[in-house]
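**Q** What follows is a structure written as structure tokens; I'll ask about it next.
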Amino acid sequence: MTYRFIVQIERKPGLSDPEGATTARALTDLGFTGVEHVSFGRTITIDLEDEDPDDAMRSVETMCSKLLANPVIERYTIEAVS
Amino acid sequence: MTTAVVVFPGTNCERDVEYALSMVGLDAELVWHRDTDLAGADSVILPGGFAHGDYLRTGAIARFSPVMKEVERLATAGVPVLGICNGFQILCEAGILDGALVANQDLKFICKPVTVRVESTNSVLTAAATVGQVLRIPLNSYEGNYISDESLSLDGDTSVVLRYCDADGDLTPAANPNGSMASIAGIANSRGNVAGLMPHPERAIEDILGSSDGKVLFESFAASIPSVNA
């Protein structure tokens, strides 16, 4: 069975995100009121062949902690979509 | 004995580093990232470039190259290990040095000479320099903005060895080119045998290049190799 996972990686709160801050300013300049925070992240879609969905999820968890995200600066969420 | 200069796919400063090492009397051996034996090396340099295309994050894939297990072993054993620019990013990704390097604050690639101040001489990078010494060295990076999360104390396991400063040696916001935390340009581990910096000292190795200020950093590296001292 092939399972699809959507991994969302974002900058840890509190760390500078110049791209997000600049975009928030631009949105405000365009007249959008109430823009409090904009942050940029990265989406990674992984299709994984595995017999068990829980095993597959655990594998993706390990992928995130080992390679896909840098725990010093990033945090991540994993969503199983199929 | 030689300095192993590690070459990843995308590394592009290995020849400059080899030349700089020759200026301070050190032999270099270029080592492909798939090599797993650095037994013949008395020191290691990870040069600059764009290892593995900087895909995912700078240094993220390079840190899992086969050679890195050996680099980590030597770093732990106290052997001098230096990461320059992309090499610094790789050492941070590998957890051999603390912190991370992210996109410059103004989101621009910076390629220009900068001035840095020597903050500590307790490292293979600065042992032959003097505290307060101001060096003019080229910076050439997009992800040069050093950050470290709150759990890391730069006064503990990590020491700051170089900070961006103005020509007089003062730390000012204007003299911090990329937004690095506390104007940090280079750090070392507490033992001092592993160091990393974003500017390129190998590009400031003789006057014809516009500056020879980088030479003292290579002299420091050479002086830190036990067999050279013996």
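We label chains A, B, ... in the order they appear in the structure tokens, count residues from 1 in each chain, and number ligands from 1 in the order shown.
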Can you tell me which residues surround region 19-31 of chain A at a distance of at most 12 Å, considering only C-alpha atoms, apart from same-chain residues fewer than 2 positions away, and format the answer as a ChimeraX atom specification?
**A** /A:10-11,13,15-17,33-41 /B:102-108
**Q** Return as a PyMOL selection string the full set of residues in chain A whose backbone-based DSSP assignment is strand (DSSP E or B).
**A** chain A and resi 2-11+41-49+74-80
**Q** Take the residues from that selection and put them in a file with C-alpha atoms, as a PDB file, in the first residue's frame.
**A**
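The file below, result_24.pdb, is the result:
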```
ATOM      1  CA  THR A   2       1.257   3.465  -0.818  1.00  0.00           C
ATOM      2  CA  TYR A   3       0.615   6.154   1.752  1.00  0.00           C
ATOM      3  CA  ARG A   4       0.917   9.861   1.068  1.00  0.00           C
ATOM      4  CA  PHE A   5       2.247  12.256   3.669  1.00  0.00           C
ATOM      5  CA  ILE A   6       2.401  16.043   3.569  1.00  0.00           C
ATOM      6  CA  VAL A   7       5.284  17.377   5.631  1.00  0.00           C
ATOM      7  CA  GLN A   8       5.060  21.044   6.535  1.00  0.00           C
ATOM      8  CA  ILE A   9       8.283  22.665   7.744  1.00  0.00           C
ATOM      9  CA  GLU A  10       8.363  26.150   9.205  1.00  0.00           C
ATOM     10  CA  ARG A  11      10.787  28.418  10.995  1.00  0.00           C
ATOM     11  CA  GLY A  41       7.768  27.353   5.119  1.00  0.00           C
ATOM     12  CA  ARG A  42       8.312  24.385   2.912  1.00  0.00           C
ATOM     13  CA  THR A  43       5.958  21.605   1.909  1.00  0.00           C
ATOM     14  CA  ILE A  44       7.311  18.170   1.107  1.00  0.00           C
ATOM     15  CA  THR A  45       5.044  15.455  -0.292  1.00  0.00           C
ATOM     16  CA  ILE A  46       6.191  11.907   0.294  1.00  0.00           C
ATOM     17  CA  ASP A  47       4.623   8.782  -1.188  1.00  0.00           C
ATOM     18  CA  LEU A  48       5.748   5.817   0.849  1.00  0.00           C
ATOM     19  CA  GLU A  49       5.192   2.136   0.208  1.00  0.00           C
ATOM     20  CA  GLU A  74      12.706  24.561  12.254  1.00  0.00           C
ATOM     21  CA  ARG A  75       9.658  22.680  13.430  1.00  0.00           C
ATOM     22  CA  TYR A  76       7.423  20.419  11.395  1.00  0.00           C
ATOM     23  CA  THR A  77       4.042  18.772  11.145  1.00  0.00           C
ATOM     24  CA  ILE A  78       3.164  15.588   9.288  1.00  0.00           C
ATOM     25  CA  GLU A  79      -0.245  14.958   7.772  1.00  0.00           C
ATOM     26  CA  ALA A  80      -1.269  11.552   6.431  1.00  0.00           C
TER      27      ALA A  80
END
```
**Q** Please, which residues of chain B lie no more than 10 Å from chain A when the count uses only C-alpha atoms, and can they be set out as a PyMOL selection string?
**A** chain B and resi 56-57+60-61+63-64+92-95+98-107+145+147-152+179+181
**Q** Mind checking which residues fall within 7 Å of Asp213 (chain B), counting only C-alpha atoms, ignoring those fewer than 2 positions away in the same chain, and posting them as a ChimeraX atom specification?
**A** /B:135-137,204-205,211,215-216
**Q** Would you output that residue set with N, CA and C atoms, as a PDB file, in the first residue's frame?
**A**
```
ATOM      1  N   LEU B 135      40.496  42.191  10.652  1.00  0.00           N
ATOM      2  CA  LEU B 135      40.918  41.566   9.406  1.00  0.00           C
ATOM      3  C   LEU B 135      39.930  41.895   8.293  1.00  0.00           C
ATOM      4  N   ARG B 136      40.458  42.163   7.107  1.00  0.00           N
ATOM      5  CA  ARG B 136      39.606  42.451   5.949  1.00  0.00           C
ATOM      6  C   ARG B 136      39.621  41.226   5.033  1.00  0.00           C
ATOM      7  N   ILE B 137      38.435  40.586   4.940  1.00  0.00           N
ATOM      8  CA  ILE B 137      38.321  39.299   4.251  1.00  0.00           C
ATOM      9  C   ILE B 137      37.022  39.288   3.434  1.00  0.00           C
ATOM     10  N   ALA B 204      42.016  35.988   0.761  1.00  0.00           N
ATOM     11  CA  ALA B 204      42.744  37.166   1.254  1.00  0.00           C
ATOM     12  C   ALA B 204      44.093  36.678   1.768  1.00  0.00           C
ATOM     13  N   ILE B 205      44.806  36.007   0.881  1.00  0.00           N
ATOM     14  CA  ILE B 205      46.000  35.289   1.318  1.00  0.00           C
ATOM     15  C   ILE B 205      47.285  35.987   0.867  1.00  0.00           C
ATOM     16  N   SER B 211      44.012  41.776  -0.229  1.00  0.00           N
ATOM     17  CA  SER B 211      44.265  41.699   1.209  1.00  0.00           C
ATOM     18  C   SER B 211      45.018  40.414   1.513  1.00  0.00           C
ATOM     19  N   LYS B 215      45.788  35.420   5.931  1.00  0.00           N
ATOM     20  CA  LYS B 215      46.927  34.523   6.116  1.00  0.00           C
ATOM     21  C   LYS B 215      47.120  34.137   7.579  1.00  0.00           C
ATOM     22  N   VAL B 216      46.878  35.086   8.483  1.00  0.00           N
ATOM     23  CA  VAL B 216      47.091  34.794   9.904  1.00  0.00           C
ATOM     24  C   VAL B 216      46.157  33.680  10.372  1.00  0.00           C
TER      25      VAL B 216
END
```
**Q** Using only C-alpha atoms, which residue out of B:Asp42, B:Glu29, B:Asp35, B:Glu14 lies closest to Ser224 (chain B)?
**A**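 For Ser224 (chain B), the nearest of the candidates is B:Asp42.
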